[in-house]
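One structure is given here, and the rest of the page talks about it.
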Amino acid sequence: MTITADREATSQEDVPRKPPAKKKARRDSQLKAAILFLIPASIGFVVFFAWPAIRGLYLSFTDYNLLRPSTFIGFDNYVAISTDPVFWNSLKVTLEYVVMNVGVQTAAALGLAVLMQRFTRSMVVRGVIMLPYLIANVIVALVWFWLCDYNLGIINAALDFFGIDKVGFFGNENVAMGTIAMVNVWRHLGYTALLLFAGLQAIPKDVYEAAEVDGAGEWRVFRSVTLPLLRPVLAFVLVVTVVGSFQIFDTIAVTTGGGPVDATRAINYYIYQRAFERLDFGYASALAVILMIILAAIALLQNKLLRANESDLER
Amino acid sequence: MKMNRVAILTLAAIPLVLTGCSASSAESASGTTLTYGLWDANQAPAYKQCATDFHKANPDITVKVEQLGWDDYWNKINTGFVSGENYDVFTSHLANFPEFMLNKQILPLDDYIKADGVDLKAYQPGLADLWKGTDDKQYGLPKDFDTIAMFYNKQLTDAAGLTADQLSTLDWNPDDGGTYEAAIAHLTVDKNGVRGDEAGFDKKNVATYGLWMENSGGSDGQTQWSFLAHTTGWEETNGAWGDEYNFDDPRFQSTIDWWYSLVEKGYMPSFEAQTGIGWSDQLTAGKVAMASNGSWMTGAVFGAKSDTFTPAIAPTPTGPSGKRASMFNGLADNIAAGTKHPDEAWQWVKYLGSIDCQSVVAEAAVVFPAIPAATDAAIAAFKAKDIDVSAFTTQVEDKTTFLYSITDHRSDVAALVTPVMESIMSGKATASSLTAVNKQVNALFK
């Protein structure tokens, strides 16, 4: 009974829903075109992301060292990592870096973006703000490394001139990671500000006019209008900068090399050293898998917390 | 008709056969092409000259010389072993040699050496032994060597009233530092012009340090502390291809404690203060009077000569043993096991290890070639540039050199010891903390 009833129901529903043959053909041809357009990107994704990720996952269960044939060792790498003090320290210093880097960068970029939107139309100013981003990471790092040198750097010469104690910006354990974080803030600030600025441009003018009519001041407007309406863009910027920030590598590689002691041995630099200096590719792959899981979890959490997919405009 | 067609076809085929012939003959004329890698840009011109000369003598072998920076160079070689796209012959370093040898990534040369009658005694004594594997086979022919000495700014030592003679007869011990420490103290000058050994010296505001640190020296201290520690009778490991490190030896630890004491006295920059621009620029800029380093830096240091910088070299101080000591490190060329042309590669390696190529290298006056006659030629070439390098060669003549410690797990040892050395040199721990890490190091070999 029920079966026939179901059948009747489906057949009844099916009839009006069936698309006209012409429409179906069009959808088919659209599908073909879509596939055609997706192929290049998919090949890139499979060759450069998916396959290396799968292979990395496999290698993380081996003792692969590049030169010797590898053997499957199960979770041994992960067990070893769980008691590796350098790993835990690298997580700690990476987290410190991310908080300092993203915190300062987002706040400053937001301020800069609001200033750009409210007070200037100048393309020159917008261009100048982007300039540091156009310089290669390694060059930025080296220039700051020289500027910050204890004995020959201009910054310490200035401190000395004003009678302030010199600072080993890259050589002091307590300062080094902060220095690296600020160097990268300097480089990325303009780019982040520009992203936020684009988000601000998308906020309709009439909400500002309405706020003005209601007699809201500049700060009140920022807090009650700008910030909530900017949320989706801000969420996007945060996800991208946090993930990018976690992968800090080049600045460390050309300045401190992970030192002093382990103060700047961030997770990505530790992975590099394990793999390319100690040829411990199995262990390094396991570290990379752990980093990937952490990043995925953080991105997911951020999306949830910041409700990145919805805008207050639509409500 | 039929015959004609065949004739025409035959005729038509002739040029094909001819071109085929000429193509193959051209190929045999160009012969084998070998790739050769090195990391030192300063030496690339000399080796390119060697390659040209070699091709003249062996027209059927062409050598393509490629130079890459240190990091990229080793990445290329390591990954090249796996991908099969590697140099046929490459300049090798003792830090990487054990790994390559134990994993059979490079070819032993014994059969070739025997067949061609190459004399391993033709090189500076000891250098050939560096390239002997655990299997007692020879993997490389020595090409050059380096030793350690003190580079100093003569204008600053003159101002301090220290003569070249005094600087070359300094003695050292781990208790009070001897005349070596006295000289370093006297060369240190604070902001007010007070010297390190004078009353009222302000160690918090040093204008010119007596000695430079150059990081912590990691696990070999090649240019930092090995030349001191070895004068106490300390050895880093229990012999060539050792399986035990001696960082727990009190003689070593007292050397490191003394070395750090220079920081506390203000004669040497702290670890914090020396992180940044490299030692040779600090020396050039007058921020330091003296710095220990390797002979390979000679060209760079003397190239920076200026109105305020007059470079000069003194030998390392004598120690408790009554003798000097210097690490004796040498390079050699290895043949990658994956090469398609091992015989031709050997011809090139043999040429690199011969007096013909080493004389060309000597003329460039960058490093000391491994064959004594070529070493002398290099000394003369340096002299022609007004550089007295006897401070480096005296260690070889007096037989006061010791060899770089070759062991397995060298990169793991470095990764374990370097942070500990850095915390000692940052004043966060004493040298006794090396005992614990020494246990970890030795556990690698069990």
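If you're wondering about the labels, chains in the structure tokens are A, B, ... by order shown, residues count from 1 in each chain, ligands from 1 in order shown.
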Using only C-alpha atoms, select each residue of chain A with any atom at most 7 Å away from an atom of chain B, and give the selection as a PyMOL selection string.
chain A and resi 66-68+145-146+149-150+168+170-172+260-262+276-278
Please identify all polymer residues within 12 Å of range 210-226 of chain A, counting only C-alpha atoms, omitting same-chain residues fewer than 2 positions from it, and present them as a list in words.
Leu110, Gly111, Ala113, Val114, Leu115, Gln117, Arg118, Phe119, Leu196, Phe197, Gly199, Leu200, Gln201, Ala202, Ile203, Pro204, Lys205, Asp206, Val207, Tyr208, Pro228, Leu229, Leu230, Arg231, Pro232, Val233, Leu234, Asp312 and Leu313 of chain A
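In this structure, CA of Gly117 in chain B sits 22.6 Å away from CA of Pro59 in chain B.
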Give me the residues near range 166-169 of chain B as a list in words, where near means some atom within 8 Å (using only C-alpha atoms) and where sequence neighbours in that chain fewer than 3 positions away do not count.
Leu162, Thr163, Ala183, Ala314, Pro315, Thr316, Pro317 and Thr318 of chain B
I need the chosen residues saved as a PDB file, in the first residue's frame, with all heavy atoms.
```pdb
ATOM      1  N   LEU B 162      99.777  48.119  20.451  1.00  0.00           N
ATOM      2  CA  LEU B 162     100.089  46.698  20.287  1.00  0.00           C
ATOM      3  C   LEU B 162     100.744  46.475  18.928  1.00  0.00           C
ATOM      4  O   LEU B 162     100.183  46.861  17.896  1.00  0.00           O
ATOM      5  CB  LEU B 162      98.813  45.853  20.395  1.00  0.00           C
ATOM      6  CG  LEU B 162      98.233  45.690  21.789  1.00  0.00           C
ATOM      7  CD1 LEU B 162      96.798  45.190  21.719  1.00  0.00           C
ATOM      8  CD2 LEU B 162      99.074  44.733  22.627  1.00  0.00           C
ATOM      9  N   THR B 163     101.914  45.861  18.921  1.00  0.00           N
ATOM     10  CA  THR B 163     102.621  45.631  17.662  1.00  0.00           C
ATOM     11  C   THR B 163     102.181  44.298  17.043  1.00  0.00           C
ATOM     12  O   THR B 163     101.610  43.441  17.729  1.00  0.00           O
ATOM     13  CB  THR B 163     104.136  45.563  17.891  1.00  0.00           C
ATOM     14  OG1 THR B 163     104.410  44.405  18.700  1.00  0.00           O
ATOM     15  CG2 THR B 163     104.649  46.809  18.598  1.00  0.00           C
ATOM     16  N   ALA B 183      95.196  41.618  25.808  1.00  0.00           N
ATOM     17  CA  ALA B 183      95.178  42.377  24.550  1.00  0.00           C
ATOM     18  C   ALA B 183      93.754  42.770  24.176  1.00  0.00           C
ATOM     19  O   ALA B 183      93.488  43.909  23.785  1.00  0.00           O
ATOM     20  CB  ALA B 183      95.816  41.553  23.439  1.00  0.00           C
ATOM     21  N   ALA B 314      96.683  38.055  12.333  1.00  0.00           N
ATOM     22  CA  ALA B 314      97.591  37.453  13.312  1.00  0.00           C
ATOM     23  C   ALA B 314      97.164  36.011  13.544  1.00  0.00           C
ATOM     24  O   ALA B 314      95.983  35.697  13.407  1.00  0.00           O
ATOM     25  CB  ALA B 314      97.527  38.225  14.626  1.00  0.00           C
ATOM     26  N   PRO B 315      98.115  35.139  13.896  1.00  0.00           N
ATOM     27  CA  PRO B 315      97.713  33.754  14.179  1.00  0.00           C
ATOM     28  C   PRO B 315      96.933  33.656  15.486  1.00  0.00           C
ATOM     29  O   PRO B 315      96.988  34.564  16.317  1.00  0.00           O
ATOM     30  CB  PRO B 315      99.049  33.013  14.286  1.00  0.00           C
ATOM     31  CG  PRO B 315     100.072  34.050  14.561  1.00  0.00           C
ATOM     32  CD  PRO B 315      99.573  35.334  13.980  1.00  0.00           C
ATOM     33  N   THR B 316      96.212  32.567  15.672  1.00  0.00           N
ATOM     34  CA  THR B 316      95.462  32.347  16.914  1.00  0.00           C
ATOM     35  C   THR B 316      96.462  32.180  18.065  1.00  0.00           C
ATOM     36  O   THR B 316      97.615  31.801  17.841  1.00  0.00           O
ATOM     37  CB  THR B 316      94.585  31.089  16.809  1.00  0.00           C
ATOM     38  OG1 THR B 316      95.426  29.962  16.557  1.00  0.00           O
ATOM     39  CG2 THR B 316      93.571  31.220  15.690  1.00  0.00           C
ATOM     40  N   PRO B 317      96.037  32.466  19.307  1.00  0.00           N
ATOM     41  CA  PRO B 317      96.983  32.390  20.433  1.00  0.00           C
ATOM     42  C   PRO B 317      97.393  30.951  20.762  1.00  0.00           C
ATOM     43  O   PRO B 317      96.681  30.013  20.412  1.00  0.00           O
ATOM     44  CB  PRO B 317      96.182  32.994  21.595  1.00  0.00           C
ATOM     45  CG  PRO B 317      94.765  32.741  21.237  1.00  0.00           C
ATOM     46  CD  PRO B 317      94.685  32.867  19.746  1.00  0.00           C
ATOM     47  N   THR B 318      98.523  30.817  21.446  1.00  0.00           N
ATOM     48  CA  THR B 318      98.909  29.503  21.949  1.00  0.00           C
ATOM     49  C   THR B 318      98.120  29.248  23.229  1.00  0.00           C
ATOM     50  O   THR B 318      97.705  30.189  23.908  1.00  0.00           O
ATOM     51  CB  THR B 318     100.404  29.451  22.283  1.00  0.00           C
ATOM     52  OG1 THR B 318     100.702  30.510  23.193  1.00  0.00           O
ATOM     53  CG2 THR B 318     101.251  29.605  21.029  1.00  0.00           C
TER      54      THR B 318
END
```
Extract, using only C-alpha atoms, all DNA, RNA and protein residues at most 8 Å from Gly196 in chain B, discarding same-chain residues fewer than 6 positions from it, and format them as a ChimeraX atom specification.
/B:185-190,203,266-267
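Here the question is which of B:Gly217, B:Tyr245, B:Ala149, B:Gly294 gets nearest to Thr394 in chain B using only C-alpha atoms, and that residue is B:Ala149.
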Looking only at the backbone, which of the residues in range 91-286 of chain A does DSSP tag as helix (DSSP H, G or I), as a PyMOL selection string?
chain A and resi 91-119+123-134+137-147+154-161+176-201+205-213+218-246+250-254+267-277+281-286
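Using only C-alpha atoms, the nearest neighbour of Gly69 in chain B within the list B:Gly178, B:Gly427, B:Gly37, B:Pro311 is B:Gly37.
Going from CA of Lys304 in chain A to CA of Val102 in chain A covers 18.6 Å.
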